[in-house]
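coords.pdb (PDB, C-alpha atoms, pLDDT in the B column)
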ATOM      1  CA  GLU A   1     -77.160 -79.155 -39.173  1.00 66.00           C
ATOM      2  CA  ALA A   2     -74.970 -82.042 -40.267  1.00 65.00           C
ATOM      3  CA  LEU A   3     -77.943 -84.048 -41.545  1.00 70.00           C
ATOM      4  CA  MET A   4     -79.324 -81.084 -43.449  1.00 72.00           C
ATOM      5  CA  SER A   5     -75.948 -80.442 -45.080  1.00 67.00           C
ATOM      6  CA  LEU A   6     -75.741 -84.080 -46.201  1.00 69.00           C
ATOM      7  CA  PHE A   7     -79.298 -84.820 -47.291  1.00 74.00           C
ATOM      8  CA  VAL A   8     -81.089 -81.554 -48.095  1.00 75.00           C
ATOM      9  CA  TRP A   9     -78.777 -78.711 -49.091  1.00 71.00           C
ATOM     10  CA  PRO A  10     -77.053 -80.473 -52.021  1.00 74.00           C
ATOM     11  CA  TYR A  11     -80.446 -80.880 -53.727  1.00 79.00           C
ATOM     12  CA  ILE A  12     -81.855 -77.341 -53.562  1.00 80.00           C
ATOM     13  CA  SER A  13     -81.025 -74.398 -55.775  1.00 81.00           C
ATOM     14  CA  GLU A  14     -78.632 -71.689 -54.660  1.00 79.00           C
ATOM     15  CA  PRO A  15     -81.229 -68.848 -54.748  1.00 85.00           C
ATOM     16  CA  LEU A  16     -83.596 -70.905 -52.597  1.00 83.00           C
ATOM     17  CA  ALA A  17     -80.770 -71.730 -50.172  1.00 78.00           C
ATOM     18  CA  ASN A  18     -79.786 -68.060 -49.913  1.00 80.00           C
ATOM     19  CA  SER A  19     -83.392 -66.994 -49.316  1.00 84.00           C
ATOM     20  CA  PHE A  20     -83.878 -69.642 -46.624  1.00 81.00           C
ATOM     21  CA  SER A  21     -80.612 -68.621 -44.968  1.00 78.00           C
ATOM     22  CA  TYR A  22     -81.705 -64.969 -44.926  1.00 80.00           C
ATOM     23  CA  ILE A  23     -85.098 -65.852 -43.429  1.00 83.00           C
ATOM     24  CA  THR A  24     -83.504 -67.956 -40.696  1.00 80.00           C
ATOM     25  CA  ASP A  25     -81.202 -65.056 -39.811  1.00 78.00           C
ATOM     26  CA  ILE A  26     -84.257 -62.894 -39.194  1.00 80.00           C
ATOM     27  CA  LEU A  27     -86.196 -65.592 -37.333  1.00 83.00           C
ATOM     28  CA  TYR A  28     -83.192 -66.347 -35.115  1.00 81.00           C
ATOM     29  CA  ALA A  29     -83.811 -63.271 -32.971  1.00 80.00           C
ATOM     30  CA  LEU A  30     -87.486 -64.145 -32.554  1.00 85.00           C
ATOM     31  CA  PHE A  31     -86.811 -67.775 -31.604  1.00 86.00           C
ATOM     32  CA  MET A  32     -84.074 -66.877 -29.136  1.00 84.00           C
ATOM     33  CA  THR A  33     -86.175 -64.145 -27.537  1.00 83.00           C
ATOM     34  CA  VAL A  34     -89.065 -66.567 -27.038  1.00 86.00           C
ATOM     35  CA  ALA A  35     -86.723 -69.226 -25.636  1.00 86.00           C
ATOM     36  CA  LEU A  36     -84.964 -66.794 -23.309  1.00 83.00           C
ATOM     37  CA  TYR A  37     -88.030 -65.080 -21.906  1.00 83.00           C
ATOM     38  CA  SER A  38     -90.180 -68.209 -21.612  1.00 85.00           C
ATOM     39  CA  GLN A  39     -87.958 -69.384 -18.731  1.00 82.00           C
ATOM     40  CA  SER A  40     -89.416 -72.853 -19.019  1.00 85.00           C
ATOM     41  CA  VAL A  41     -88.354 -76.112 -20.602  1.00 87.00           C
ATOM     42  CA  PHE A  42     -90.839 -75.470 -23.423  1.00 89.00           C
ATOM     43  CA  GLY A  43     -88.477 -72.815 -24.733  1.00 87.00           C
ATOM     44  CA  ILE A  44     -85.611 -75.278 -25.217  1.00 88.00           C
ATOM     45  CA  PRO A  45     -86.848 -76.807 -28.517  1.00 89.00           C
ATOM     46  CA  ILE A  46     -87.473 -73.301 -29.854  1.00 87.00           C
ATOM     47  CA  MET A  47     -83.933 -72.392 -28.813  1.00 86.00           C
ATOM     48  CA  MET A  48     -82.493 -75.366 -30.691  1.00 85.00           C
ATOM     49  CA  VAL A  49     -84.345 -74.448 -33.873  1.00 84.00           C
ATOM     50  CA  GLY A  50     -83.180 -70.848 -33.551  1.00 82.00           C
ATOM     51  CA  LEU A  51     -79.577 -71.525 -32.613  1.00 82.00           C
ATOM     52  CA  TRP A  52     -78.917 -73.958 -35.389  1.00 78.00           C
ATOM     53  CA  ARG A  53     -80.858 -71.793 -37.871  1.00 75.00           C
ATOM     54  CA  MET A  54     -83.313 -74.539 -38.823  1.00 72.00           C
ATOM     55  CA  GLY A  55     -80.491 -76.696 -40.148  1.00 69.00           C
ATOM     56  CA  VAL A  56     -78.657 -74.150 -42.299  1.00 71.00           C
ATOM     57  CA  PRO A  57     -75.163 -75.682 -42.361  1.00 72.00           C
ATOM     58  CA  GLU A  58     -73.173 -72.715 -41.118  1.00 79.00           C
ATOM     59  CA  ALA A  59     -70.656 -74.288 -38.730  1.00 83.00           C
ATOM     60  CA  ALA A  60     -70.482 -77.543 -40.679  1.00 80.00           C
ATOM     61  CA  ALA A  61     -69.787 -75.637 -43.903  1.00 81.00           C
ATOM     62  CA  TYR A  62     -66.890 -73.721 -42.362  1.00 86.00           C
ATOM     63  CA  ILE A  63     -65.317 -76.856 -40.930  1.00 87.00           C
ATOM     64  CA  ALA A  64     -65.866 -78.884 -44.113  1.00 84.00           C
ATOM     65  CA  THR A  65     -64.329 -76.120 -46.238  1.00 84.00           C
ATOM     66  CA  ALA A  66     -61.327 -76.020 -43.922  1.00 88.00           C
ATOM     67  CA  PHE A  67     -60.664 -79.714 -44.573  1.00 88.00           C
ATOM     68  CA  ASP A  68     -61.450 -79.620 -48.303  1.00 83.00           C
ATOM     69  CA  HIS A  69     -58.207 -79.952 -50.256  1.00 79.00           C
ATOM     70  CA  GLN A  70     -59.758 -78.844 -53.552  1.00 78.00           C
ATOM     71  CA  THR A  71     -60.769 -75.332 -52.483  1.00 74.00           C
ATOM     72  CA  GLY A  72     -57.386 -73.821 -53.306  1.00 77.00           C
ATOM     73  CA  LYS A  73     -57.345 -71.860 -50.061  1.00 80.00           C
ATOM     74  CA  SER A  74     -54.107 -71.163 -48.211  1.00 83.00           C
ATOM     75  CA  GLY A  75     -53.199 -72.855 -44.955  1.00 85.00           C
ATOM     76  CA  LEU A  76     -53.995 -69.733 -42.946  1.00 90.00           C
ATOM     77  CA  SER A  77     -57.439 -69.411 -44.576  1.00 89.00           C
ATOM     78  CA  LYS A  78     -58.211 -73.021 -43.735  1.00 90.00           C
ATOM     79  CA  ILE A  79     -57.161 -72.530 -40.122  1.00 92.00           C
ATOM     80  CA  LEU A  80     -59.364 -69.424 -39.877  1.00 93.00           C
ATOM     81  CA  LEU A  81     -62.342 -71.251 -41.405  1.00 90.00           C
ATOM     82  CA  PHE A  82     -61.892 -74.110 -38.952  1.00 93.00           C
ATOM     83  CA  LEU A  83     -61.673 -71.699 -36.019  1.00 94.00           C
ATOM     84  CA  LYS A  84     -64.776 -69.855 -37.224  1.00 92.00           C
ATOM     85  CA  GLY A  85     -66.736 -73.121 -37.347  1.00 90.00           C
ATOM     86  CA  VAL A  86     -65.527 -74.180 -33.906  1.00 92.00           C
ATOM     87  CA  SER A  87     -66.256 -70.725 -32.466  1.00 91.00           C
ATOM     88  CA  ILE A  88     -69.866 -70.943 -33.727  1.00 86.00           C
ATOM     89  CA  ILE A  89     -70.245 -74.311 -32.009  1.00 88.00           C
ATOM     90  CA  VAL A  90     -68.772 -72.976 -28.743  1.00 90.00           C
ATOM     91  CA  HIS A  91     -70.871 -69.789 -28.919  1.00 86.00           C
ATOM     92  CA  HIS A  92     -74.079 -71.761 -29.457  1.00 85.00           C
ATOM     93  CA  SER A  93     -73.173 -74.231 -26.708  1.00 88.00           C
ATOM     94  CA  ILE A  94     -72.696 -71.422 -24.185  1.00 87.00           C
ATOM     95  CA  THR A  95     -75.972 -69.844 -25.277  1.00 85.00           C
ATOM     96  CA  SER A  96     -77.684 -73.209 -24.803  1.00 87.00           C
ATOM     97  CA  PHE A  97     -76.246 -73.440 -21.299  1.00 89.00           C
ATOM     98  CA  VAL A  98     -77.563 -69.977 -20.386  1.00 87.00           C
ATOM     99  CA  VAL A  99     -81.072 -70.672 -21.705  1.00 87.00           C
ATOM    100  CA  CYS A 100     -81.172 -74.093 -20.042  1.00 89.00           C
ATOM    101  CA  SER A 101     -79.952 -72.659 -16.730  1.00 89.00           C
ATOM    102  CA  LEU A 102     -82.722 -70.062 -16.891  1.00 87.00           C
ATOM    103  CA  SER A 103     -85.271 -72.748 -17.786  1.00 87.00           C
ATOM    104  CA  VAL A 104     -84.523 -74.965 -14.801  1.00 88.00           C
ATOM    105  CA  GLY A 105     -84.115 -72.092 -12.346  1.00 86.00           C
ATOM    106  CA  TYR A 106     -80.345 -72.392 -11.903  1.00 89.00           C
ATOM    107  CA  SER A 107     -80.001 -68.699 -12.649  1.00 87.00           C
ATOM    108  CA  GLN A 108     -82.429 -65.809 -12.784  1.00 87.00           C
ATOM    109  CA  LEU A 109     -83.145 -63.533 -15.733  1.00 85.00           C
ATOM    110  CA  ASN A 110     -81.717 -60.234 -14.577  1.00 88.00           C
ATOM    111  CA  ILE A 111     -80.301 -57.064 -16.067  1.00 89.00           C
ATOM    112  CA  ASP A 112     -76.848 -58.625 -16.495  1.00 87.00           C
ATOM    113  CA  ILE A 113     -78.112 -61.425 -18.737  1.00 84.00           C
ATOM    114  CA  MET A 114     -80.410 -59.071 -20.627  1.00 84.00           C
ATOM    115  CA  ALA A 115     -77.551 -56.607 -21.184  1.00 86.00           C
ATOM    116  CA  VAL A 116     -75.659 -59.329 -23.047  1.00 83.00           C
ATOM    117  CA  THR A 117     -78.510 -60.988 -24.942  1.00 80.00           C
ATOM    118  CA  ILE A 118     -80.474 -58.020 -26.283  1.00 80.00           C
ATOM    119  CA  PRO A 119     -77.576 -56.416 -28.227  1.00 82.00           C
ATOM    120  CA  LEU A 120     -76.626 -59.819 -29.656  1.00 78.00           C
ATOM    121  CA  SER A 121     -80.179 -60.341 -30.906  1.00 75.00           C
ATOM    122  CA  PHE A 122     -80.138 -56.958 -32.624  1.00 77.00           C
ATOM    123  CA  GLN A 123     -76.726 -57.770 -34.084  1.00 76.00           C
ATOM    124  CA  HIS A 124     -78.116 -60.948 -35.640  1.00 71.00           C
ATOM    125  CA  LEU A 125     -80.938 -58.925 -37.193  1.00 70.00           C
ATOM    126  CA  SER A 126     -78.573 -56.447 -38.820  1.00 69.00           C
ATOM    127  CA  VAL A 127     -75.660 -58.628 -39.939  1.00 62.00           C
TER     128      VAL A 127
END
When written as structure tokens, how does the structure in this file appear?
Amino acid sequence: EALMSLFVWPYISEPLANSFSYITDILYALFMTVALYSQSVFGIPIMMVGLWRMGVPEAAAYIATAFDHQTGKSGLSKILLFLKGVSIIVHHSITSFVVCSLSVGYSQLNIDIMAVTIPLSFQHLSV
């Protein structure tokens, strides 16, 4: 994500960036479903592509905007942007832990894990 935001995103047009971001939002649910239900280490690379939305700089953009002094945002807005970026990183890290623990057999895919993951996948499709 950080490399994409430094070397790719500054050089593409805004409509193309918005279209790519929209497509990755839709593909996220597919990639995470494949990674979750594969229950093997082969699902981990698919999970990484899905979680970090193929390099769309979501978390990095929030954190960078929070530290940008030229945005004209208030102190509270900057704190909220920073917290949003950090919360995305924490959320994706916990998701990575769950998928990896399923992949190596540390935990089993049961109704409790499915009850949390399926609504979140549908939420990502609709938001």
Non-local contacts of region 113-127 of chain A (12 Å; all atoms listed in the file; under 4 positions in same chain excluded) as a PDB file with C-alpha atoms, keeping the file's coordinate frame:
ATOM      1  CA  TYR A  22     -81.705 -64.969 -44.926  1.00 80.00           C
ATOM      2  CA  ILE A  23     -85.098 -65.852 -43.429  1.00 83.00           C
ATOM      3  CA  THR A  24     -83.504 -67.956 -40.696  1.00 80.00           C
ATOM      4  CA  ASP A  25     -81.202 -65.056 -39.811  1.00 78.00           C
ATOM      5  CA  ILE A  26     -84.257 -62.894 -39.194  1.00 80.00           C
ATOM      6  CA  LEU A  27     -86.196 -65.592 -37.333  1.00 83.00           C
ATOM      7  CA  TYR A  28     -83.192 -66.347 -35.115  1.00 81.00           C
ATOM      8  CA  ALA A  29     -83.811 -63.271 -32.971  1.00 80.00           C
ATOM      9  CA  LEU A  30     -87.486 -64.145 -32.554  1.00 85.00           C
ATOM     10  CA  PHE A  31     -86.811 -67.775 -31.604  1.00 86.00           C
ATOM     11  CA  MET A  32     -84.074 -66.877 -29.136  1.00 84.00           C
ATOM     12  CA  THR A  33     -86.175 -64.145 -27.537  1.00 83.00           C
ATOM     13  CA  VAL A  34     -89.065 -66.567 -27.038  1.00 86.00           C
ATOM     14  CA  ALA A  35     -86.723 -69.226 -25.636  1.00 86.00           C
ATOM     15  CA  LEU A  36     -84.964 -66.794 -23.309  1.00 83.00           C
ATOM     16  CA  TYR A  37     -88.030 -65.080 -21.906  1.00 83.00           C
ATOM     17  CA  GLY A  50     -83.180 -70.848 -33.551  1.00 82.00           C
ATOM     18  CA  LEU A  51     -79.577 -71.525 -32.613  1.00 82.00           C
ATOM     19  CA  ARG A  53     -80.858 -71.793 -37.871  1.00 75.00           C
ATOM     20  CA  HIS A  91     -70.871 -69.789 -28.919  1.00 86.00           C
ATOM     21  CA  ILE A  94     -72.696 -71.422 -24.185  1.00 87.00           C
ATOM     22  CA  THR A  95     -75.972 -69.844 -25.277  1.00 85.00           C
ATOM     23  CA  VAL A  98     -77.563 -69.977 -20.386  1.00 87.00           C
ATOM     24  CA  VAL A  99     -81.072 -70.672 -21.705  1.00 87.00           C
ATOM     25  CA  SER A 101     -79.952 -72.659 -16.730  1.00 89.00           C
ATOM     26  CA  LEU A 102     -82.722 -70.062 -16.891  1.00 87.00           C
ATOM     27  CA  SER A 107     -80.001 -68.699 -12.649  1.00 87.00           C
ATOM     28  CA  GLN A 108     -82.429 -65.809 -12.784  1.00 87.00           C
ATOM     29  CA  LEU A 109     -83.145 -63.533 -15.733  1.00 85.00           C
TER      30      LEU A 109
END
Query raised in the report: So which one's closest to Cys100 (chain A), A:Pro15, A:Pro57, A:Gly43, A:Gly85? Using all atoms listed in the file, please.
Result: A:Gly43
Centre and edge lengths of an axis-aligned box around all listed atoms of region 12-25 of chain A, with 8 Å added on each side, are to be given in Å to one decimal, as JSON.
{"center_x": -81.9, "center_y": -71.2, "center_z": -47.8, "size_x": 22.5, "size_y": 28.4, "size_z": 32.0}
Query raised in the report: At what distance in Å, to one decimal, does CA of Ala61 (chain A) lie from CA of Ser13 (chain A)?
Result: 16.4 Å
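Going from CA of Pro10 (chain A) over to CA of Ile44 (chain A), you cover 28.6 Å.
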Report summary line: Using all atoms listed in the file, the shortest atom-to-atom distance to Lys84 (chain A) among A:Phe67, A:Val104, A:Ser96, A:Tyr62 belongs to A:Tyr62
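The closest residue to Pro45 (chain A), picked from A:Ser87, A:Ser103, A:Gln70, A:Ser21 and counting all atoms listed in the file, is A:Ser103.
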Query raised in the report: For Val41 (chain A), which of A:Glu58, A:Asn110, A:Gly105, A:Ser19 is the closest residue, counting only C-alpha atoms?
Result: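 Closest to Val41 (chain A), using only C-alpha atoms: A:Gly105.
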Requested in this report: Point out the residue among A:Val86, A:Tyr106, A:Leu3, A:Ser93 with the least atom-to-atom distance to Met48 (chain A), counting all atoms listed in the file.
Outcome: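 Nearest to Met48 (chain A): A:Ser93.
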Report task. In Å, rounded to a single decimal, give me how far CA of Trp52 (chain A) is from CA of Val90 (chain A). Result -> 12.2 Å
Requested in this report: Find the residue from A:Ile89, A:Met4, A:Leu76, A:Ile111 that sits nearest to Val56 (chain A); use only C-alpha atoms when measuring.
Outcome: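 Answer, going by the shortest atom-to-atom distance: A:Met4.
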Dump N, CA and C atoms of region 4-46 of chain A from the given block, as a JSON list (two decimals), in the first residue's frame.
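Listed below is the output, selection35.json:
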[["chain", "number", "residue", "atom", "x", "y", "z"],
["A", 4, "MET", "N", 2.57, 1.62, -3.44],
["A", 4, "MET", "CA", 1.62, 2.06, -4.45],
["A", 4, "MET", "C", 1.29, 3.54, -4.29],
["A", 5, "SER", "N", 1.15, 4.01, -3.04],
["A", 5, "SER", "CA", 0.81, 5.41, -2.85],
["A", 5, "SER", "C", 1.97, 6.33, -3.19],
["A", 6, "LEU", "N", 3.19, 5.83, -3.17],
["A", 6, "LEU", "CA", 4.35, 6.65, -3.54],
["A", 6, "LEU", "C", 4.65, 6.62, -5.04],
["A", 7, "PHE", "N", 4.54, 5.45, -5.65],
["A", 7, "PHE", "CA", 5.04, 5.29, -7.01],
["A", 7, "PHE", "C", 3.98, 5.14, -8.10],
["A", 8, "VAL", "N", 2.75, 4.80, -7.74],
["A", 8, "VAL", "CA", 1.75, 4.56, -8.77],
["A", 8, "VAL", "C", 0.62, 5.59, -8.74],
["A", 9, "TRP", "N", 0.00, 5.76, -7.59],
["A", 9, "TRP", "CA", -1.19, 6.60, -7.50],
["A", 9, "TRP", "C", -0.98, 8.05, -7.90],
["A", 10, "PRO", "N", 0.16, 8.67, -7.64],
["A", 10, "PRO", "CA", 0.32, 10.07, -8.09],
["A", 10, "PRO", "C", 0.30, 10.24, -9.60],
["A", 11, "TYR", "N", 0.49, 9.16, -10.36],
["A", 11, "TYR", "CA", 0.63, 9.26, -11.81],
["A", 11, "TYR", "C", -0.59, 8.80, -12.59],
["A", 12, "ILE", "N", -1.67, 8.42, -11.92],
["A", 12, "ILE", "CA", -2.87, 8.00, -12.65],
["A", 12, "ILE", "C", -3.97, 9.02, -12.44],
["A", 13, "SER", "N", -4.91, 9.05, -13.36],
["A", 13, "SER", "CA", -5.98, 10.04, -13.29],
["A", 13, "SER", "C", -6.96, 9.70, -12.17],
["A", 14, "GLU", "N", -7.68, 10.71, -11.72],
["A", 14, "GLU", "CA", -8.63, 10.51, -10.63],
["A", 14, "GLU", "C", -9.78, 9.58, -11.01],
["A", 15, "PRO", "N", -10.37, 9.70, -12.22],
["A", 15, "PRO", "CA", -11.43, 8.74, -12.58],
["A", 15, "PRO", "C", -10.95, 7.29, -12.61],
["A", 16, "LEU", "N", -9.74, 7.08, -13.10],
["A", 16, "LEU", "CA", -9.19, 5.72, -13.13],
["A", 16, "LEU", "C", -8.95, 5.22, -11.71],
["A", 17, "ALA", "N", -8.45, 6.08, -10.85],
["A", 17, "ALA", "CA", -8.21, 5.70, -9.45],
["A", 17, "ALA", "C", -9.53, 5.36, -8.75],
["A", 18, "ASN", "N", -10.56, 6.15, -9.00],
["A", 18, "ASN", "CA", -11.86, 5.87, -8.37],
["A", 18, "ASN", "C", -12.46, 4.57, -8.89],
["A", 19, "SER", "N", -12.32, 4.31, -10.18],
["A", 19, "SER", "CA", -12.84, 3.06, -10.75],
["A", 19, "SER", "C", -12.10, 1.85, -10.17],
["A", 20, "PHE", "N", -10.78, 1.95, -10.08],
["A", 20, "PHE", "CA", -9.98, 0.85, -9.53],
["A", 20, "PHE", "C", -10.33, 0.62, -8.07],
["A", 21, "SER", "N", -10.53, 1.70, -7.32],
["A", 21, "SER", "CA", -10.91, 1.58, -5.91],
["A", 21, "SER", "C", -12.26, 0.89, -5.77],
["A", 22, "TYR", "N", -13.21, 1.23, -6.62],
["A", 22, "TYR", "CA", -14.53, 0.60, -6.59],
["A", 22, "TYR", "C", -14.45, -0.89, -6.91],
["A", 23, "ILE", "N", -13.66, -1.24, -7.91],
["A", 23, "ILE", "CA", -13.50, -2.64, -8.30],
["A", 23, "ILE", "C", -12.86, -3.44, -7.18],
["A", 24, "THR", "N", -11.86, -2.87, -6.52],
["A", 24, "THR", "CA", -11.21, -3.59, -5.43],
["A", 24, "THR", "C", -12.14, -3.78, -4.24],
["A", 25, "ASP", "N", -13.06, -2.84, -4.03],
["A", 25, "ASP", "CA", -14.06, -3.02, -2.97],
["A", 25, "ASP", "C", -14.93, -4.23, -3.25],
["A", 26, "ILE", "N", -15.30, -4.42, -4.49],
["A", 26, "ILE", "CA", -16.13, -5.57, -4.86],
["A", 26, "ILE", "C", -15.33, -6.87, -4.78],
["A", 27, "LEU", "N", -14.09, -6.84, -5.29],
["A", 27, "LEU", "CA", -13.27, -8.05, -5.29],
["A", 27, "LEU", "C", -12.81, -8.46, -3.90],
["A", 28, "TYR", "N", -12.82, -7.50, -2.96],
["A", 28, "TYR", "CA", -12.38, -7.81, -1.59],
["A", 28, "TYR", "C", -13.15, -9.01, -1.04],
["A", 29, "ALA", "N", -14.46, -8.98, -1.16],
["A", 29, "ALA", "CA", -15.28, -10.06, -0.60],
["A", 29, "ALA", "C", -14.93, -11.41, -1.24],
["A", 30, "LEU", "N", -14.70, -11.41, -2.53],
["A", 30, "LEU", "CA", -14.33, -12.65, -3.21],
["A", 30, "LEU", "C", -12.98, -13.17, -2.72],
["A", 31, "PHE", "N", -11.98, -12.30, -2.67],
["A", 31, "PHE", "CA", -10.64, -12.71, -2.23],
["A", 31, "PHE", "C", -10.65, -13.22, -0.79],
["A", 32, "MET", "N", -11.36, -12.53, 0.08],
["A", 32, "MET", "CA", -11.38, -12.94, 1.48],
["A", 32, "MET", "C", -12.16, -14.25, 1.66],
["A", 33, "THR", "N", -13.21, -14.44, 0.89],
["A", 33, "THR", "CA", -13.96, -15.69, 0.97],
["A", 33, "THR", "C", -13.10, -16.87, 0.52],
["A", 34, "VAL", "N", -12.37, -16.69, -0.56],
["A", 34, "VAL", "CA", -11.47, -17.74, -1.05],
["A", 34, "VAL", "C", -10.40, -18.03, -0.01],
["A", 35, "ALA", "N", -9.80, -16.98, 0.55],
["A", 35, "ALA", "CA", -8.74, -17.16, 1.55],
["A", 35, "ALA", "C", -9.26, -17.85, 2.80],
["A", 36, "LEU", "N", -10.44, -17.46, 3.24],
["A", 36, "LEU", "CA", -11.00, -18.01, 4.48],
["A", 36, "LEU", "C", -11.39, -19.47, 4.31],
["A", 37, "TYR", "N", -12.06, -19.80, 3.23],
["A", 37, "TYR", "CA", -12.57, -21.15, 3.06],
["A", 37, "TYR", "C", -11.55, -22.11, 2.45],
["A", 38, "SER", "N", -10.42, -21.61, 1.96],
["A", 38, "SER", "CA", -9.40, -22.52, 1.45],
["A", 38, "SER", "C", -8.75, -23.29, 2.60],
["A", 39, "GLN", "N", -8.63, -22.67, 3.74],
["A", 39, "GLN", "CA", -8.03, -23.26, 4.95],
["A", 39, "GLN", "C", -6.68, -23.91, 4.64],
["A", 40, "SER", "N", -5.93, -23.27, 3.78],
["A", 40, "SER", "CA", -4.58, -23.73, 3.50],
["A", 40, "SER", "C", -3.69, -22.50, 3.33],
["A", 41, "VAL", "N", -2.39, -22.73, 3.31],
["A", 41, "VAL", "CA", -1.46, -21.61, 3.19],
["A", 41, "VAL", "C", -1.54, -20.97, 1.81],
["A", 42, "PHE", "N", -2.15, -21.63, 0.84],
["A", 42, "PHE", "CA", -2.29, -21.05, -0.49],
["A", 42, "PHE", "C", -3.31, -19.91, -0.50],
["A", 43, "GLY", "N", -4.12, -19.83, 0.52],
["A", 43, "GLY", "CA", -5.07, -18.73, 0.62],
["A", 43, "GLY", "C", -4.46, -17.45, 1.18],
["A", 44, "ILE", "N", -3.29, -17.54, 1.80],
["A", 44, "ILE", "CA", -2.68, -16.37, 2.43],
["A", 44, "ILE", "C", -2.31, -15.29, 1.43],
["A", 45, "PRO", "N", -1.67, -15.59, 0.29],
["A", 45, "PRO", "CA", -1.40, -14.51, -0.67],
["A", 45, "PRO", "C", -2.67, -13.86, -1.21],
["A", 46, "ILE", "N", -3.72, -14.67, -1.41],
["A", 46, "ILE", "CA", -4.99, -14.11, -1.86],
["A", 46, "ILE", "C", -5.56, -13.19, -0.79]]
